[in-house]
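I have placed the structure first, in the form of structure tokens, so that the comments after it can refer back to it.
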Amino acid sequence: MPRREAIRLPSGLFPVGPPRPVFREPFPIRGGAVALGMVAGGLWMMLFGLLGSDAGGYAWISIAAGLVAWVVAAVLARMGDRGAAVGLAVSTAVGLAIAMIVVAVRWAAGDWVLW
């Protein structure tokens with residue numbers, strides 16, 4: 001009589017069952033989209049920064065341009081192109097940081113340019 005192998009039950013150390021579902025990102029973030037968003041945001045901040053005639057004007061127009069760019073980045077993130085939204089938000093933040101450095105340097109010299 002042939003020998004029958006006993007059916008081994010799993011110990012529970014390695015669970016056995018149906019495979020877990022794999023979720024894919026519907027709109028993955030790509031490096032090219034991030035770079036394009038950074039270029040667009042940099043150009044946006046640069047063009048609006050050139051409109052300011054003095055440090056105060058530069059600061060206020062940079063703040064306004066930054067707020068508009070962040071609204072656009074939020075809309076882009078909501079509608080699916082999150083790579084461009086990330087690049088736009090990063091370059092806008094850098095542009096606003098430069099504007100605030102200008103304000104801080106002028107303030108350290110004794111001139112508050114935002115009023």
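Chain labels follow the order of the structure tokens: the first chain is A, the next B, and so on; residue numbering restarts at 1 in every chain, and ligands are counted from 1 in their shown order.
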
Problem set entry | Residues near Pro28 in chain A, cut-off 10 Å, only C-alpha atoms, skip fewer than 6 positions along chain, as a PyMOL selection string | chain A and resi 80-83

Residues of the last selection are to be written out with C-alpha atoms, as a tab-separated table (two decimals), in the first residue's frame.
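For reference, part-v5.tsv as written:
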chain	number	residue	atom	x	y	z
A	80	GLY	CA	-5.09	65.25	-10.93
A	81	ASP	CA	-1.84	66.84	-12.10
A	82	ARG	CA	-0.16	66.66	-8.73
A	83	GLY	CA	3.38	66.67	-10.11

Proximity check range 72-105 of chain A to range 44-49 of chain A, 10 Å, nearest pairs one decimal Å, only C-alpha atoms, as a tab-separated table:
residue	atom	partner	partner_atom	distance
A:Leu88	CA	A:Trp44	CA	9.3
A:Ser91	CA	A:Met45	CA	8.2
A:Thr92	CA	A:Met45	CA	6.7
A:Ala93	CA	A:Met45	CA	9.7
A:Val94	CA	A:Met45	CA	9.2
A:Gly95	CA	A:Met45	CA	6.0
A:Leu96	CA	A:Met45	CA	8.3
A:Ala99	CA	A:Gly49	CA	8.7

Problem set entry | Backbone DSSP call of helix (DSSP H, G or I) for range 14-80 of chain A, listed as a ChimeraX atom specification | /A:31-49,55-79

Exercise. Contacts of Ile101 in chain A at 12 Å or less, counting only C-alpha atoms, minus same-chain residues fewer than 6 places along, as a PyMOL selection string?
Worked result: chain A and resi 55+58-59+62+94-95+107-108+113

Problem set entry | Two-atom distance - CA of Gly56 in chain A, CA of Leu114 in chain A (Å) |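 According to the coordinates, CA of Gly56 in chain A and CA of Leu114 in chain A are separated by 5.5 Å.
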
For this session: Take CA of Gly32 in chain A and CA of Ile61 in chain A and report the distance between them in Å, one decimal.
Result: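 Distance reported for this atom pair: 28.5 Å.
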
Problem set entry | Residue neighbourhood Ala77 in chain A, 12 Å, only C-alpha atoms, exclusion window fewer than 6 positions, as a PyMOL selection string | chain A and resi 27-29+34+37+70-71+83-89

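A straight line drawn from CA of Met100 in chain A to CA of Ala73 in chain A is 20.5 Å long.
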